[in-house]
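Below you'll find the structure, written out as structure tokens, and then a few comments.
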Amino acid sequence: MSDTYDCGRVEDLLSDRLADALDREGTTAFDAHVAGCASCRALTEAVRDVVDALESFPSLEPPVGLAERAAAAALKSRRPARSALPWPGLRLPDLGLPAGLQALAAAVALTVTGAALLAATESSRLLEGTVNAEAYLVERKDRFVEDFRLLRVVVTTAFEGRLDRVNDRVDDYRRLLEKRRAVEESQKRTGEPKSDAGSVRSARHAQRDVWNPNNAGRCVVTASERAGGVTRRRSRRES
Amino acid sequence: MSESDGDLLDRCRRGEEAAWHELVAQHTKKVFGLAYRFSGRVDEAEDLTQEIFVKVYQSLDRYRENDGAFPGWLMTVARNRAIDHYRSRRMEKLGRADDPAALDVVASAEDGPLRTLERHERIQFVHRGLRSLPPDLREPLILFDLQGVPYEEIATTLGLPLGTVKSRINRARVELAKRLVRAREALATRR
């Protein structure tokens with residue numbers, strides 16, 4: 001039997017040969033090449049060993065109490081029912097004025113208060129930006145970089161054709177950024193130099209649940225929190 | 001006798017928390033196994049398991065019996081979540097060690113001590129190699145060889161053509177096999 005396959009072809013067909021998915025001619029040509037090629041023989045044997053090793057991966061028992069914690073975390077993620085009014089207990093005082101006039105007065109009062117609050121917020125923001133212009137610009141640059149990275153996540157996911165998963169991936173990435181920020185801030189506060197990968201991981205793990213006002217309530221208990229028996233809310237935008 | 005998934009789901013939808021706890025308890029082992037295989041760390045797998053059940057709980061209303069059996073639907077949600085989780089964290093994972101303690105392999109009864117040791121080392125070697133594979137090779141390999149997911153389902157989950165899935169699984173195996181061959185050759189040279 002002539003050897004019609006080269007090493008590249010054998011490599012491409014290794015999994016098919018192991019699964020007996022080649023036709024008779026293919027099987028014969030494959031076996032003929034492997035019989036005369038020591039490196040392909042070694043590779044075929046190694047692929048068998050790899051598949052055996054993958055299939056023999058240990059099946060771990062879940063840690064004690066994980067099912068209870070997971071079930072409880074999911075139950076806590078349930079959205080609270082929204083009331084019809086944002087402030088159900090709010091009642092306008094009875095001033096003896098016609099209802100329309102009262103409503104108009106309330107609207108004017110709300111507008112004036114809102115404008116005053118907005119002006120105060122803007123002026124304090126401007127003041128802050130002026131007083132500490134350098135820090136402000138640095139922060140803006142960091143935010144811009146983060147926004148750009150988030151955009152990259154969206155674009156990558158779109159290119160993969162998985163638009164249905166964009167929200168999840170953006171949320172994941174946002175949480176990752178929050179953790180990094182928390183670790184950096186913690187390091188700044190304590191004046192610690194950057195630590196090795198393991199301890200960074202520990203610090204990140206310990207601080208992974210930072211409240212994010214952009215996200216609706218979701219509660220997950222992390223492994224590090226369980227050590228202290230604490231349950232905190234994890235920020236997560238609900239899809 | 002434990003209650004069926006269908007009965008538990010009905011009770012969950014009626015708001016019975018005990019039914020949800022029981023449903024989670026019945027499926028935690030499988031979900032945790034998947035999470036561990038994707039994350040490679042027990043602590044991260046625990047967190048991922050919780051995230052998966054949060055996602056499942058929030059999607060329960062969308063599950064219909066004609067979507068197939070509940071365990072299949074659950075594992076699909078879990079796989080999608082695990083892949084998203086893995087992709088969002090893969091940059092952070094570079095250079096991080098896996099859990100060595102989790103790699104205790106039960107010796108096969110017919111293997112002698114030497115063979116068991118060799119097999120144990122090989123499994124550890126392949127596990128480490130798996131972590132360092134590029135994501136486009138690693139994901140289909142985990143799903144196929146570790147999770148036993150059929151090619152067609154992997155293609156749907158990853159949004160890839162069937163032929164690409166098959167070829168990536170083969171490439172991933174060959175890549176790991178080449179590393180194993182090199183390691184064996186290096187060992188033989190030292191002896």
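To be explicit about the labels: the chains of the structure tokens are called A, B, and onward in the order shown, and within each one the residues are counted from 1, while ligands get numbers from 1 in the order they are shown.
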For region 32-34 of chain A: contacts at 12 Å, only C-alpha atoms, fewer than 6 positions along chain excluded, given as a list in words:
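Close residues of region 32-34 of chain A: Met1, Ser2, Asp3, Thr4, Tyr5, Asp6, Cys7, Gly8, Arg9, Val10, Glu11, Leu13, Leu14, Arg17, Glu25, Gly26, Cys40, Arg41, Ala42, Leu43, Thr44 and Glu45 of chain A.
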Residues of chain B that have any atom at most 8 Å from an atom of chain A: could you tabulate them with the shortest-distance atom pair and the distance in Å to one decimal, using only C-alpha atoms, ordered by chain and increasing number, as a Markdown table?
| residue | atom | partner | partner_atom | distance |
| --- | --- | --- | --- | --- |
| B:Glu17 | CA | A:Leu75 | CA | 7.7 |
| B:Trp20 | CA | A:Ala71 | CA | 6.7 |
| B:His21 | CA | A:Ala71 | CA | 5.4 |
| B:Val24 | CA | A:Ala67 | CA | 6.0 |
| B:Ala25 | CA | A:Ala67 | CA | 5.1 |
| B:Thr28 | CA | A:Ala67 | CA | 5.8 |
| B:Lys29 | CA | A:Pro62 | CA | 5.8 |
| B:Phe32 | CA | A:Pro62 | CA | 6.1 |
| B:Gly33 | CA | A:Leu60 | CA | 6.3 |
| B:Asp43 | CA | A:Ala223 | CA | 5.8 |
| B:Glu44 | CA | A:Ala223 | CA | 7.8 |
| B:Glu46 | CA | A:Ala223 | CA | 6.8 |
| B:Asp47 | CA | A:Thr222 | CA | 5.6 |
| B:Thr49 | CA | A:Ala70 | CA | 7.0 |
| B:Gln50 | CA | A:Ala70 | CA | 4.5 |
| B:Glu51 | CA | A:Val220 | CA | 7.0 |
| B:Phe53 | CA | A:Ala74 | CA | 6.1 |
| B:Val54 | CA | A:Ala74 | CA | 4.2 |
| B:Lys55 | CA | A:Ala74 | CA | 7.7 |
| B:Tyr57 | CA | A:Ala74 | CA | 6.0 |
| B:Gln58 | CA | A:Arg78 | CA | 7.4 |
| B:Asp84 | CA | A:Arg169 | CA | 5.8 |
| B:His85 | CA | A:Asp172 | CA | 6.7 |
| B:Ser88 | CA | A:Tyr173 | CA | 5.6 |
| B:Arg89 | CA | A:Leu176 | CA | 7.5 |
| B:Gly95 | CA | A:Ala197 | CA | 7.2 |
| B:Arg96 | CA | A:Ala197 | CA | 6.3 |
| B:Ala97 | CA | A:Gly198 | CA | 7.9 |
| B:Ala102 | CA | A:Leu60 | CA | 7.5 |
| B:Leu103 | CA | A:Pro58 | CA | 6.6 |
| B:Asp104 | CA | A:Pro58 | CA | 6.9 |
| B:Val105 | CA | A:Pro58 | CA | 5.8 |
| B:Val106 | CA | A:Pro58 | CA | 7.6 |
| B:Arg119 | CA | A:Ala53 | CA | 7.6 |
| B:Arg122 | CA | A:Ala53 | CA | 6.7 |
| B:Ile123 | CA | A:Ala53 | CA | 4.8 |
| B:Val126 | CA | A:Val50 | CA | 6.5 |
| B:His127 | CA | A:Leu54 | CA | 7.6 |
| B:Asp145 | CA | A:Leu54 | CA | 6.1 |
| B:Leu146 | CA | A:Glu55 | CA | 5.9 |
| B:Gly159 | CA | A:Gly161 | CA | 7.0 |
| B:Ser167 | CA | A:Asp12 | CA | 7.6 |
| B:Asn170 | CA | A:Ser15 | CA | 5.5 |
| B:Arg171 | CA | A:Asp12 | CA | 7.6 |
| B:Arg173 | CA | A:Val47 | CA | 6.1 |
| B:Val174 | CA | A:Val47 | CA | 6.2 |
| B:Leu176 | CA | A:Val50 | CA | 6.9 |
| B:Ala177 | CA | A:Ala46 | CA | 4.9 |
| B:Lys178 | CA | A:Leu43 | CA | 6.5 |
| B:Leu180 | CA | A:Ala46 | CA | 6.5 |
| B:Val181 | CA | A:Ala46 | CA | 6.5 |
Leaving out Arg131 (chain B) and any residue of its chain fewer than 6 positions from it, which residues lie within 9 Å of it when counting only C-alpha atoms, given as a ChimeraX atom specification?
/B:38-40,98,138
Could you write out that same residue set with N, CA and C atoms as a PDB file, in the first residue's frame?
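That gives us out24.pdb:
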ATOM      1  N   PHE B  38     -13.937  25.396  33.638  1.00  0.00           N
ATOM      2  CA  PHE B  38     -13.670  26.632  32.904  1.00  0.00           C
ATOM      3  C   PHE B  38     -12.726  27.552  33.674  1.00  0.00           C
ATOM      4  N   SER B  39     -12.908  27.624  34.983  1.00  0.00           N
ATOM      5  CA  SER B  39     -12.136  28.621  35.738  1.00  0.00           C
ATOM      6  C   SER B  39     -10.801  28.067  36.223  1.00  0.00           C
ATOM      7  N   GLY B  40     -10.761  26.771  36.534  1.00  0.00           N
ATOM      8  CA  GLY B  40      -9.511  26.180  37.007  1.00  0.00           C
ATOM      9  C   GLY B  40      -9.214  26.472  38.463  1.00  0.00           C
ATOM     10  N   ASP B  98      -3.170  27.641  38.845  1.00  0.00           N
ATOM     11  CA  ASP B  98      -4.397  26.927  39.146  1.00  0.00           C
ATOM     12  C   ASP B  98      -4.285  26.298  40.516  1.00  0.00           C
ATOM     13  N   ARG B 138      -9.409  26.364  23.397  1.00  0.00           N
ATOM     14  CA  ARG B 138      -9.706  25.803  24.713  1.00  0.00           C
ATOM     15  C   ARG B 138     -11.204  25.583  24.923  1.00  0.00           C
TER      16      ARG B 138
END
